[in-house]
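> Pasting data_5.tsv below, which is TSV, C-alpha atoms and all ligand atoms.
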chain	number	residue	atom	x	y	z
A	1	MET	CA	-145.43	39.95	-39.38
A	2	ALA	CA	-142.04	38.78	-38.05
A	3	LYS	CA	-139.25	40.23	-40.15
A	4	ILE	CA	-136.41	38.13	-41.49
A	5	ARG	CA	-133.04	39.61	-40.45
A	6	VAL	CA	-130.62	39.68	-43.38
A	7	ALA	CA	-127.15	41.06	-44.07
A	8	PHE	CA	-125.14	41.94	-47.15
A	9	ILE	CA	-121.48	41.24	-47.88
A	10	GLY	CA	-120.52	43.64	-50.68
A	11	ALA	CA	-122.04	46.97	-51.71
A	12	GLY	CA	-120.61	47.27	-55.21
A	13	ALA	CA	-122.09	48.34	-58.53
A	14	LEU	CA	-124.62	45.63	-59.29
A	15	ALA	CA	-125.54	45.09	-55.66
A	16	SER	CA	-126.35	48.80	-55.23
A	17	ARG	CA	-128.23	49.08	-58.50
A	18	TYR	CA	-130.53	46.08	-58.16
A	19	HIS	CA	-130.16	43.93	-55.05
A	20	TYR	CA	-130.28	46.54	-52.26
A	21	PRO	CA	-133.39	48.33	-53.60
A	22	SER	CA	-135.17	45.02	-54.19
A	23	VAL	CA	-134.42	43.51	-50.76
A	24	ALA	CA	-134.97	46.80	-48.91
A	25	SER	CA	-138.47	47.10	-50.39
A	26	LEU	CA	-139.66	43.74	-48.99
A	27	PRO	CA	-141.92	44.46	-46.00
A	28	ASP	CA	-140.97	41.26	-44.15
A	29	VAL	CA	-137.20	41.82	-44.37
A	30	GLU	CA	-134.82	43.93	-42.27
A	31	ILE	CA	-131.31	44.60	-43.61
A	32	ALA	CA	-129.44	44.56	-40.28
A	33	GLY	CA	-125.82	44.83	-41.42
A	34	ILE	CA	-123.46	45.47	-44.32
A	35	ALA	CA	-119.89	44.17	-44.55
A	36	GLU	CA	-117.72	45.99	-47.12
A	37	LEU	CA	-113.96	46.34	-47.55
A	38	ASN	CA	-114.64	49.83	-48.92
A	39	PRO	CA	-116.05	51.95	-46.04
A	40	GLU	CA	-117.41	54.67	-48.36
A	41	ARG	CA	-119.55	52.15	-50.22
A	42	ALA	CA	-120.75	50.63	-46.96
A	43	LYS	CA	-121.72	54.04	-45.58
A	44	ALA	CA	-123.52	55.08	-48.77
A	45	ALA	CA	-125.64	51.92	-48.87
A	46	ALA	CA	-126.33	52.07	-45.14
A	47	ALA	CA	-127.49	55.68	-45.37
A	48	LYS	CA	-129.69	55.02	-48.40
A	49	TYR	CA	-131.43	51.98	-46.95
A	50	GLY	CA	-131.40	52.86	-43.25
A	51	VAL	CA	-129.05	50.06	-42.21
A	52	GLY	CA	-127.78	50.56	-38.66
A	53	ARG	CA	-124.47	48.72	-38.71
A	54	THR	CA	-121.54	48.47	-41.13
A	55	PHE	CA	-118.43	46.34	-40.82
A	56	GLY	CA	-115.10	45.85	-42.61
A	57	ASP	CA	-114.89	42.21	-41.56
A	58	TYR	CA	-117.73	39.94	-42.66
A	59	LYS	CA	-116.96	37.34	-39.97
A	60	GLN	CA	-117.45	39.96	-37.26
A	61	MET	CA	-120.70	41.04	-38.89
A	62	LEU	CA	-122.04	37.48	-39.02
A	63	ALA	CA	-121.14	36.99	-35.34
A	64	GLU	CA	-122.67	40.27	-34.14
A	65	VAL	CA	-125.70	40.65	-36.44
A	66	ASP	CA	-126.53	36.92	-36.58
A	67	PRO	CA	-128.50	37.19	-39.87
A	68	GLN	CA	-130.93	34.50	-41.00
A	69	ALA	CA	-129.92	35.11	-44.62
A	70	VAL	CA	-126.79	36.56	-46.19
A	71	TYR	CA	-126.45	38.16	-49.64
A	72	VAL	CA	-122.90	37.73	-50.89
A	73	ILE	CA	-122.56	39.95	-53.99
A	74	MET	CA	-119.08	40.22	-55.47
A	75	PRO	CA	-117.04	38.88	-58.41
A	76	PRO	CA	-116.71	35.09	-58.57
A	77	GLN	CA	-113.02	34.93	-57.61
A	78	TYR	CA	-113.81	36.31	-54.12
A	79	LEU	CA	-117.03	34.42	-53.44
A	80	PHE	CA	-115.93	31.03	-52.22
A	81	GLU	CA	-114.50	31.96	-48.82
A	82	PRO	CA	-117.38	34.07	-47.44
A	83	VAL	CA	-120.05	31.77	-48.88
A	84	ASN	CA	-118.38	28.64	-47.49
A	85	PHE	CA	-117.97	30.34	-44.10
A	86	ALA	CA	-121.61	31.48	-43.92
A	87	LEU	CA	-122.95	28.08	-45.00
A	88	LYS	CA	-120.90	26.27	-42.36
A	89	GLN	CA	-122.67	28.43	-39.78
A	90	GLY	CA	-125.99	27.16	-41.17
A	91	ARG	CA	-126.97	30.48	-42.76
A	92	ASN	CA	-129.22	30.83	-45.80
A	93	VAL	CA	-127.27	32.35	-48.67
A	94	PHE	CA	-128.10	34.24	-51.87
A	95	ILE	CA	-125.27	34.85	-54.34
A	96	GLU	CA	-124.81	36.23	-57.82
A	97	LYS	CA	-123.92	34.03	-60.75
A	98	PRO	CA	-121.63	32.27	-61.40
A	99	PHE	CA	-121.43	30.66	-57.99
A	100	GLY	CA	-117.91	29.39	-58.40
A	101	MET	CA	-114.93	29.71	-60.68
A	102	THR	CA	-115.30	26.00	-61.48
A	103	THR	CA	-118.00	23.34	-61.30
A	104	ASP	CA	-116.02	21.63	-58.53
A	105	GLN	CA	-116.20	24.77	-56.37
A	106	ALA	CA	-119.93	25.00	-57.05
A	107	LYS	CA	-120.46	21.33	-56.18
A	108	HIS	CA	-118.55	21.78	-52.94
A	109	LEU	CA	-120.70	24.77	-51.91
A	110	ALA	CA	-123.85	22.83	-52.82
A	111	TYR	CA	-122.63	19.94	-50.64
A	112	VAL	CA	-121.89	22.25	-47.68
A	113	ALA	CA	-125.31	23.90	-48.06
A	114	GLU	CA	-127.04	20.53	-48.13
A	115	THR	CA	-125.21	19.15	-45.10
A	116	HIS	CA	-125.92	22.30	-43.06
A	117	GLY	CA	-129.59	22.56	-44.06
A	118	CYS	CA	-129.23	25.98	-45.73
A	119	THR	CA	-131.68	27.50	-48.20
A	120	THR	CA	-129.66	28.87	-51.12
A	121	GLN	CA	-130.26	30.71	-54.35
A	122	VAL	CA	-128.12	31.80	-57.29
A	123	GLY	CA	-129.05	35.08	-58.95
A	124	PHE	CA	-130.47	33.81	-62.22
A	125	GLN	CA	-132.98	36.65	-62.24
A	126	ARG	CA	-134.02	36.00	-65.82
A	127	ARG	CA	-136.08	33.05	-64.58
A	128	PHE	CA	-138.12	35.63	-62.65
A	129	ILE	CA	-138.63	38.31	-65.32
A	130	PRO	CA	-142.39	38.94	-65.08
A	131	ALA	CA	-142.77	38.96	-68.89
A	132	MET	CA	-140.88	35.64	-69.04
A	133	THR	CA	-143.03	33.88	-66.44
A	134	ALA	CA	-146.31	35.32	-67.80
A	135	LEU	CA	-145.63	34.46	-71.46
A	136	LYS	CA	-144.11	31.05	-70.64
A	137	ARG	CA	-147.43	30.27	-68.94
A	138	ARG	CA	-149.33	31.42	-72.06
A	139	VAL	CA	-147.30	29.09	-74.31
A	140	GLU	CA	-147.61	26.17	-71.88
A	141	GLU	CA	-151.38	26.54	-71.77
A	142	ARG	CA	-151.22	25.02	-75.29
A	143	GLY	CA	-148.99	22.13	-74.17
A	144	PRO	CA	-145.29	21.61	-73.48
A	145	ILE	CA	-142.63	23.89	-74.94
A	146	HIS	CA	-140.90	22.04	-77.78
A	147	THR	CA	-138.20	24.51	-78.88
A	148	VAL	CA	-136.33	27.23	-77.03
A	149	SER	CA	-133.83	29.70	-78.42
A	150	VAL	CA	-131.91	32.02	-76.11
A	151	SER	CA	-129.60	34.75	-77.39
A	152	PHE	CA	-127.30	36.78	-75.15
A	153	LEU	CA	-125.42	39.24	-77.33
A	154	LYS	CA	-123.11	42.16	-76.61
A	155	HIS	CA	-120.45	44.20	-78.36
A	156	THR	CA	-116.81	44.63	-77.29
A	157	PRO	CA	-115.69	48.28	-77.22
A	158	ASP	CA	-111.94	47.40	-77.14
A	159	LEU	CA	-111.07	44.50	-79.44
A	160	SER	CA	-107.35	44.71	-78.57
A	161	ARG	CA	-107.90	42.99	-75.21
A	162	PRO	CA	-108.52	39.28	-74.48
A	163	ALA	CA	-112.13	38.30	-73.79
A	164	GLY	CA	-111.76	37.14	-70.16
A	165	LEU	CA	-113.72	39.04	-67.51
A	166	TYR	CA	-112.28	40.67	-64.40
A	167	ASP	CA	-108.90	41.06	-66.12
A	168	GLY	CA	-108.97	37.53	-67.50
A	169	VAL	CA	-109.83	35.59	-64.35
A	170	ILE	CA	-112.88	33.87	-65.89
A	171	ASP	CA	-114.24	33.18	-69.38
A	172	PRO	CA	-117.25	35.15	-70.69
A	173	LEU	CA	-119.54	32.13	-71.16
A	174	ARG	CA	-119.19	30.89	-67.56
A	175	CYS	CA	-119.33	34.35	-66.01
A	176	ASP	CA	-121.92	36.10	-68.14
A	177	GLY	CA	-123.30	33.82	-70.86
A	178	ILE	CA	-124.30	31.47	-68.04
A	179	HIS	CA	-127.52	33.52	-67.79
A	180	ALA	CA	-128.50	32.28	-71.25
A	181	VAL	CA	-127.36	28.72	-70.49
A	182	ASP	CA	-129.49	28.71	-67.34
A	183	ASN	CA	-132.48	30.23	-69.11
A	184	LEU	CA	-132.25	27.58	-71.82
A	185	ARG	CA	-132.24	24.78	-69.21
A	186	TRP	CA	-135.09	26.27	-67.22
A	187	LEU	CA	-137.32	26.97	-70.22
A	188	ALA	CA	-136.70	23.60	-71.89
A	189	GLY	CA	-137.12	21.57	-68.66
A	190	GLY	CA	-135.77	18.10	-67.96
A	191	GLU	CA	-132.17	16.95	-67.98
A	192	VAL	CA	-129.55	17.52	-70.65
A	193	GLU	CA	-129.25	14.53	-73.02
A	194	ARG	CA	-127.04	15.65	-75.93
A	195	VAL	CA	-124.97	18.72	-76.73
A	196	ALA	CA	-123.35	19.89	-79.96
A	197	SER	CA	-121.52	23.20	-79.89
A	198	ASP	CA	-119.06	25.64	-81.39
A	199	ALA	CA	-116.89	28.08	-79.41
A	200	ARG	CA	-114.71	30.65	-81.17
A	201	ILE	CA	-112.38	33.51	-80.43
A	202	ARG	CA	-113.42	36.29	-82.79
A	203	TYR	CA	-111.37	39.46	-83.40
A	204	VAL	CA	-109.67	39.51	-79.95
A	205	PRO	CA	-106.33	38.06	-78.77
A	206	GLY	CA	-106.00	35.43	-76.03
A	207	THR	CA	-107.42	31.98	-75.42
A	208	MET	CA	-110.98	32.55	-74.22
A	209	ALA	CA	-113.94	32.15	-76.55
A	210	ASN	CA	-116.24	35.15	-77.07
A	211	ALA	CA	-118.70	33.58	-79.56
A	212	VAL	CA	-120.46	30.35	-78.59
A	213	THR	CA	-123.38	28.51	-80.19
A	214	ALA	CA	-124.91	25.25	-78.96
A	215	HIS	CA	-127.68	22.82	-79.77
A	216	VAL	CA	-128.95	21.00	-76.65
A	217	ALA	CA	-131.47	18.12	-76.52
A	218	PHE	CA	-133.36	17.74	-73.22
A	219	SER	CA	-135.11	14.74	-71.64
A	220	SER	CA	-138.35	16.78	-71.70
A	221	GLY	CA	-138.33	16.39	-75.47
A	222	ALA	CA	-137.52	20.07	-75.97
A	223	VAL	CA	-134.61	21.26	-78.07
A	224	GLY	CA	-132.58	24.32	-77.08
A	225	LEU	CA	-130.52	26.69	-79.22
A	226	LEU	CA	-127.97	28.94	-77.55
A	227	HIS	CA	-126.33	31.98	-79.14
A	228	PHE	CA	-123.84	33.82	-76.95
A	229	SER	CA	-121.57	36.45	-78.45
A	230	TYR	CA	-119.53	39.47	-77.39
A	231	VAL	CA	-118.99	40.69	-80.94
A	232	THR	CA	-122.43	41.62	-82.25
A	233	GLY	CA	-124.05	44.99	-82.86
A	234	ARG	CA	-125.51	45.63	-79.43
A	235	ARG	CA	-126.64	44.15	-76.14
A	236	ILE	CA	-129.68	41.90	-76.51
A	237	PHE	CA	-131.05	39.22	-74.19
A	238	ARG	CA	-133.90	37.48	-75.93
A	239	ALA	CA	-135.67	34.18	-75.37
A	240	GLU	CA	-137.95	32.53	-77.93
A	241	LEU	CA	-140.33	29.88	-76.62
A	242	HIS	CA	-142.30	27.74	-79.04
A	243	GLY	CA	-145.18	25.45	-78.06
A	244	GLN	CA	-148.08	23.98	-80.00
A	245	ASN	CA	-148.95	26.71	-82.51
A	246	ALA	CA	-147.86	29.30	-79.94
A	247	THR	CA	-144.75	31.45	-79.60
A	248	ALA	CA	-143.43	34.00	-77.13
A	249	TYR	CA	-140.50	36.37	-77.75
A	250	VAL	CA	-139.25	37.82	-74.48
A	251	ASP	CA	-136.88	40.79	-74.41
A	252	ALA	CA	-137.20	42.43	-71.01
A	253	ASP	CA	-135.06	45.40	-72.04
A	254	ARG	CA	-137.37	46.34	-74.92
A	255	GLU	CA	-140.67	44.60	-75.69
A	256	SER	CA	-142.08	41.10	-75.65
A	257	HIS	CA	-144.54	39.38	-78.00
A	258	PHE	CA	-147.03	36.55	-77.81
A	259	VAL	CA	-148.51	35.06	-80.96
A	260	ALA	CA	-150.65	31.98	-81.65
A	261	ASP	CA	-152.43	30.29	-84.56
A	262	GLY	CA	-150.97	32.64	-87.16
A	263	ASN	CA	-152.69	35.70	-85.68
A	264	GLU	CA	-151.19	39.16	-85.20
A	265	PRO	CA	-148.80	39.27	-82.21
A	266	GLU	CA	-149.76	40.83	-78.90
A	267	VAL	CA	-147.00	43.30	-78.01
A	268	PHE	CA	-145.99	44.16	-74.43
A	269	ALA	CA	-143.66	47.02	-73.44
A	270	SER	CA	-140.70	46.05	-71.25
A	271	ASN	CA	-142.35	47.55	-68.16
A	272	ALA	CA	-145.85	46.25	-68.92
A	273	PHE	CA	-145.38	43.54	-66.30
A	274	GLY	CA	-144.51	44.64	-62.77
A	275	GLU	CA	-146.04	48.13	-63.08
A	276	ASP	CA	-148.13	47.43	-60.01
A	277	LEU	CA	-144.92	47.26	-57.96
A	278	GLY	CA	-143.69	50.70	-58.94
A	279	GLY	CA	-142.49	50.13	-62.49
A	280	GLN	CA	-138.76	50.43	-61.79
A	281	GLU	CA	-136.04	48.57	-63.68
A	282	HIS	CA	-135.46	46.03	-60.90
A	283	HIS	CA	-139.15	45.14	-61.10
A	284	TRP	CA	-139.36	44.30	-64.80
A	285	LEU	CA	-135.86	42.73	-65.00
A	286	GLY	CA	-136.69	40.06	-62.42
A	287	PHE	CA	-134.49	41.18	-59.49
A	288	TRP	CA	-137.38	42.10	-57.19
A	289	HIS	CA	-139.17	38.83	-58.00
A	290	GLU	CA	-136.09	36.65	-57.36
A	291	HIS	CA	-135.69	38.24	-53.94
A	292	ARG	CA	-139.39	37.93	-53.10
A	293	SER	CA	-139.16	34.26	-54.04
A	294	PHE	CA	-135.99	33.61	-51.99
A	295	ILE	CA	-137.54	35.10	-48.84
A	296	ASP	CA	-140.81	33.21	-49.45
A	297	CYS	CA	-138.85	29.96	-49.76
A	298	ILE	CA	-137.10	30.62	-46.42
A	299	GLN	CA	-140.40	31.55	-44.74
A	300	GLU	CA	-142.20	28.50	-46.13
A	301	GLY	CA	-139.35	25.95	-45.97
A	302	ARG	CA	-139.35	25.44	-49.77
A	303	ARG	CA	-136.39	24.89	-52.10
A	304	PRO	CA	-135.75	27.77	-54.51
A	305	SER	CA	-135.94	26.65	-58.15
A	306	CYS	CA	-132.35	27.81	-58.72
A	307	ASP	CA	-130.77	26.71	-55.47
A	308	PHE	CA	-127.12	25.60	-55.44
A	309	HIS	CA	-128.12	22.00	-56.22
A	310	ASP	CA	-129.96	23.07	-59.38
A	311	ALA	CA	-127.40	25.70	-60.37
A	312	VAL	CA	-124.67	23.02	-60.41
A	313	LYS	CA	-126.50	21.61	-63.44
A	314	THR	CA	-126.13	24.94	-65.23
A	315	MET	CA	-122.38	24.92	-64.48
A	316	GLU	CA	-122.23	21.34	-65.82
A	317	LEU	CA	-123.98	22.40	-69.02
A	318	VAL	CA	-121.33	25.10	-69.51
A	319	ASP	CA	-118.71	22.32	-69.16
A	320	ARG	CA	-120.51	20.14	-71.70
A	321	ILE	CA	-120.79	23.00	-74.18
A	322	TYR	CA	-117.01	23.46	-74.04
A	323	GLN	CA	-116.34	19.69	-74.15
A	324	SER	CA	-118.49	19.12	-77.22
A	325	ARG	CA	-117.16	21.98	-79.34
B	401	LIG	N1	-127.37	39.23	-62.61
B	401	LIG	C1	-126.83	40.01	-63.52
B	401	LIG	O1	-127.46	40.33	-64.53
B	401	LIG	C2	-125.43	40.47	-63.33
B	401	LIG	C3	-124.93	41.53	-64.10
B	401	LIG	C4	-123.63	41.97	-63.85
B	401	LIG	C5	-122.85	41.37	-62.85
B	401	LIG	N2	-123.36	40.33	-62.14
B	401	LIG	C6	-122.58	39.67	-61.08
B	401	LIG	O2	-122.50	40.52	-59.97
B	401	LIG	C7	-121.31	40.24	-59.25
B	401	LIG	C8	-120.57	41.54	-59.03
B	401	LIG	O3	-121.34	42.37	-58.19
B	401	LIG	P1	-121.00	43.92	-58.05
B	401	LIG	O4	-121.06	44.56	-59.39
B	401	LIG	O5	-121.84	44.49	-56.98
B	401	LIG	O6	-119.46	43.82	-57.63
B	401	LIG	P2	-118.37	44.96	-57.51
B	401	LIG	O7	-117.08	44.41	-58.02
B	401	LIG	O8	-118.84	46.29	-58.03
B	401	LIG	O9	-118.28	45.12	-55.95
B	401	LIG	C9	-117.87	44.08	-55.11
B	401	LIG	C10	-117.74	44.66	-53.73
B	401	LIG	O10	-117.46	43.59	-52.82
B	401	LIG	C11	-116.53	44.09	-51.86
B	401	LIG	N3	-115.84	42.95	-51.29
B	401	LIG	C12	-115.03	42.06	-51.92
B	401	LIG	N4	-114.60	41.12	-51.05
B	401	LIG	C13	-115.15	41.42	-49.85
B	401	LIG	C14	-115.08	40.84	-48.56
B	401	LIG	N5	-114.35	39.77	-48.31
B	401	LIG	N6	-115.77	41.42	-47.56
B	401	LIG	C15	-116.52	42.53	-47.77
B	401	LIG	N7	-116.63	43.14	-48.98
B	401	LIG	C16	-115.96	42.58	-50.01
B	401	LIG	C17	-115.62	45.03	-52.64
B	401	LIG	O11	-115.00	45.98	-51.80
B	401	LIG	C18	-116.58	45.68	-53.63
B	401	LIG	O12	-117.11	46.91	-53.17
B	401	LIG	C19	-120.53	39.25	-60.10
B	401	LIG	O13	-120.75	37.96	-59.57
B	401	LIG	C20	-121.16	39.36	-61.46
B	401	LIG	O14	-121.07	38.15	-62.19
B	401	LIG	C21	-124.63	39.90	-62.36
Output the file's structure as structure tokens, nothing else.
Ligand SMILES: NC(=O)c1ccc[n+]([C@@H]2O[C@H](COP(=O)([O-])OP(=O)(O)OC[C@H]3O[C@@H](n4cnc5c(N)ncnc54)[C@H](O)[C@@H]3O)[C@@H](O)[C@H]2O)c1


Amino acid sequence: MAKIRVAFIGAGALASRYHYPSVASLPDVEIAGIAELNPERAKAAAAKYGVGRTFGDYKQMLAEVDPQAVYVIMPPQYLFEPVNFALKQGRNVFIEKPFGMTTDQAKHLAYVAETHGCTTQVGFQRRFIPAMTALKRRVEERGPIHTVSVSFLKHTPDLSRPAGLYDGVIDPLRCDGIHAVDNLRWLAGGEVERVASDARIRYVPGTMANAVTAHVAFSSGAVGLLHFSYVTGRRIFRAELHGQNATAYVDADRESHFVADGNEPEVFASNAFGEDLGGQEHHWLGFWHEHRSFIDCIQEGRRPSCDFHDAVKTMELVDRIYQSR
């Protein structure tokens, strides 16, 4: 099997924890280079995953390694330049969410990707959680999903600081809550028709909201309920999917449930799905599956479900949630 040659820009915390082990385990992929401003991080990742070449300058790496796909994993304020550069060379690009500081940046990158024929994907790994895809299918066997509720909840250890992430450069909903916004869109299906919302700043100083709720009506006929908060008891990411007399509760960090016709729920441990792959965190949280899917799309000439074009719609829904508060 011919291997796809890929390269990484960034070897930081999240990249090292989830993306490197996922990509490195794909048998049809070779990680041929790493570009990192921090040489220690580059060396550590290269040693762990047997990558031959490391660089300080990503432009030099792209020129010398000539990768077919590039993973650009770094905070959103640094993303635009390397992603724009790689796309203009016609390279396929995977990036973490959010894929721009603003919807205009995201739209520009989607335009550049389209005009240069690049396959792209944004890291909305929750679409790929094996429990999510398996139980979504179970609900849909009964007919279309009619109601979706997605909660993304965390607590704030230091309430004396404003809510913005990366020292205030971006608001929590666009940077982090966007996972729940995207999950809501993907589970409900169709286009956004109406939005009603509330966005509040609770307990912290500053101007950025840390508690957002929204009610979204979709052209599919489904209704979505969003609850995003940084001031609750603990971290929870949970999706509820309701179809005709069928319900799934998906919490990939703990356990998931399927129940139909008033019967007792079937309960699945967080790692019940994906055990066949090795049962590691990146398997049951969806990271391995998003990378498998991205490479399959490149190999088969298909569009990823959350390519830049689709992910612009998630950025636009964030805008609408703020506009309609
Ligand atoms: N999917 C999820 O569930 C999830 C969870 C947390 C964070 N994230 C996202 O992950 C991203 C952050 O990833 P991380 O934790 O690996 O980042 P990080 O901040 O730990 O590391 C970023 C690395 O990129 C390097 N870097 C920056 N600019 C560079 C350049 N021009 N050339 C080469 N290297 C460069 C830095 O030296 C640093 O080592 C953010 O977009 C964040 O929103 C996603």

> Do you have the atom CA of Ala214 of chain A-atom CA of Asp104 of chain A distance handy?

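So the two atoms, atom CA of Ala214 of chain A and atom CA of Asp104 of chain A, lie 22.6 Å apart.
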
> Enclose all atoms of segment 279-289 of chain A listed in the file in an axis-aligned box, grow every side by 4 Å, and hand back centre and edge lengths in Å to one decimal, as lines of an AutoDock Vina configuration file.


center_x = -138.5
center_y = 44.6
center_z = -61.1
size_x = 16.0
size_y = 19.6
size_z = 15.8

> Taking all atoms listed in the file into account, list the residues no farther than 9 Å from ligand LIG 401 (chain B), as a count of residues only.

50

> Restrict the calculation to all atoms listed in the file, then for each residue of segment 189-287 of chain A with any atom at most 8 Å from an atom of segment 142-159 of chain A give the closest atom pair and their distance in Å to one decimal, rows by chain and rising residue number, as CSV.


residue,atom,partner,partner_atom,distance
A:Tyr203,CA,A:Leu159,CA,6.4
A:Val204,CA,A:Leu159,CA,5.2
A:Gly221,CA,A:His146,CA,6.6
A:Ala222,CA,A:His146,CA,4.3
A:Val223,CA,A:Thr147,CA,4.9
A:Gly224,CA,A:Val148,CA,4.7
A:Leu225,CA,A:Ser149,CA,4.5
A:Leu226,CA,A:Val150,CA,5.2
A:His227,CA,A:Ser151,CA,4.6
A:Phe228,CA,A:Phe152,CA,4.9
A:Ser229,CA,A:Leu153,CA,4.9
A:Tyr230,CA,A:Lys154,CA,4.5
A:Val231,CA,A:His155,CA,4.6
A:Thr232,CA,A:His155,CA,5.1
A:Gly233,CA,A:His155,CA,5.8
A:Arg234,CA,A:Lys154,CA,5.1
A:Arg235,CA,A:Lys154,CA,4.1
A:Ile236,CA,A:Leu153,CA,5.1
A:Phe237,CA,A:Phe152,CA,4.6
A:Arg238,CA,A:Ser151,CA,5.3
A:Ala239,CA,A:Val150,CA,4.4
A:Glu240,CA,A:Ser149,CA,5.0
A:Leu241,CA,A:Val148,CA,4.8
A:His242,CA,A:Thr147,CA,5.2
A:Gly243,CA,A:Ile145,CA,4.3
A:Gln244,CA,A:Arg142,CA,5.8
A:Asn245,CA,A:Arg142,CA,7.8
A:Ala246,CA,A:Arg142,CA,7.2

> Between A:Tyr20, A:Tyr322, A:Tyr49, A:Tyr71, which has the minimum distance to Ala209 of chain A (counting all atoms listed in the file)?

A:Tyr322

> Env of Asp307 of chain A: 10 Å cut, atoms = all atoms listed in the file, seq-sep filter 2 positions within chain, self excluded. Answer as a ChimeraX atom specification.

/A:93-95,110,113,118-124,294,303-305,309-312

> How about saving the chosen residues, C-alpha atoms kept, as a PDB file, keeping the file's coordinate frame?


ATOM      1  CA  VAL A  93    -127.270  32.350 -48.670  1.00  0.00           C
ATOM      2  CA  PHE A  94    -128.100  34.240 -51.870  1.00  0.00           C
ATOM      3  CA  ILE A  95    -125.270  34.850 -54.340  1.00  0.00           C
ATOM      4  CA  ALA A 110    -123.850  22.830 -52.820  1.00  0.00           C
ATOM      5  CA  ALA A 113    -125.310  23.900 -48.060  1.00  0.00           C
ATOM      6  CA  CYS A 118    -129.230  25.980 -45.730  1.00  0.00           C
ATOM      7  CA  THR A 119    -131.680  27.500 -48.200  1.00  0.00           C
ATOM      8  CA  THR A 120    -129.660  28.870 -51.120  1.00  0.00           C
ATOM      9  CA  GLN A 121    -130.260  30.710 -54.350  1.00  0.00           C
ATOM     10  CA  VAL A 122    -128.120  31.800 -57.290  1.00  0.00           C
ATOM     11  CA  GLY A 123    -129.050  35.080 -58.950  1.00  0.00           C
ATOM     12  CA  PHE A 124    -130.470  33.810 -62.220  1.00  0.00           C
ATOM     13  CA  PHE A 294    -135.990  33.610 -51.990  1.00  0.00           C
ATOM     14  CA  ARG A 303    -136.390  24.890 -52.100  1.00  0.00           C
ATOM     15  CA  PRO A 304    -135.750  27.770 -54.510  1.00  0.00           C
ATOM     16  CA  SER A 305    -135.940  26.650 -58.150  1.00  0.00           C
ATOM     17  CA  HIS A 309    -128.120  22.000 -56.220  1.00  0.00           C
ATOM     18  CA  ASP A 310    -129.960  23.070 -59.380  1.00  0.00           C
ATOM     19  CA  ALA A 311    -127.400  25.700 -60.370  1.00  0.00           C
ATOM     20  CA  VAL A 312    -124.670  23.020 -60.410  1.00  0.00           C
TER      21      VAL A 312
END

> Ranking A:Gly206, A:Gly286, A:Gly177, A:Gly262 by minimum distance to Ile321 of chain A and counting only C-alpha atoms, which one comes first?

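Selected residue with least distance to Ile321 of chain A: A:Gly177.
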
> Tell me, as a list in words, which residues lie within 8 Å of Ser219 of chain A, counting all atoms listed in the file; anything in the same chain fewer than 3 positions away does not count.

Gly189, Gly190, Glu191, Val192, Glu193 and Ala222 of chain A

> Between A:Val70, A:Val250, A:Leu165, A:Val318, which residue has the minimum interatomic distance to Val195 of chain A, considering only C-alpha atoms?

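Going through A:Val70, A:Val250, A:Leu165, A:Val318 one by one, the smallest distance to Val195 of chain A is for A:Val318.
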
> With only C-alpha atoms as the counted atoms, please give the residues lying no more than 12 Å from Gln323 of chain A, apart from itself and same-chain residues fewer than 2 positions off, as a JSON list (two decimals) with C-alpha atoms, in the frame of the given file.


[["chain", "number", "residue", "atom", "x", "y", "z"],
["A", 194, "ARG", "CA", -127.04, 15.65, -75.93],
["A", 195, "VAL", "CA", -124.97, 18.72, -76.73],
["A", 196, "ALA", "CA", -123.35, 19.89, -79.96],
["A", 197, "SER", "CA", -121.52, 23.20, -79.89],
["A", 198, "ASP", "CA", -119.06, 25.64, -81.39],
["A", 199, "ALA", "CA", -116.89, 28.08, -79.41],
["A", 214, "ALA", "CA", -124.91, 25.25, -78.96],
["A", 316, "GLU", "CA", -122.23, 21.34, -65.82],
["A", 317, "LEU", "CA", -123.98, 22.40, -69.02],
["A", 318, "VAL", "CA", -121.33, 25.10, -69.51],
["A", 319, "ASP", "CA", -118.71, 22.32, -69.16],
["A", 320, "ARG", "CA", -120.51, 20.14, -71.70],
["A", 321, "ILE", "CA", -120.79, 23.00, -74.18],
["A", 325, "ARG", "CA", -117.16, 21.98, -79.34]]

> If I take atom CA of Thr207 of chain A and atom CA of Pro162 of chain A, how far is one from the other in Å, to one decimal?

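For atom CA of Thr207 of chain A relative to atom CA of Pro162 of chain A, the distance reads 7.4 Å.
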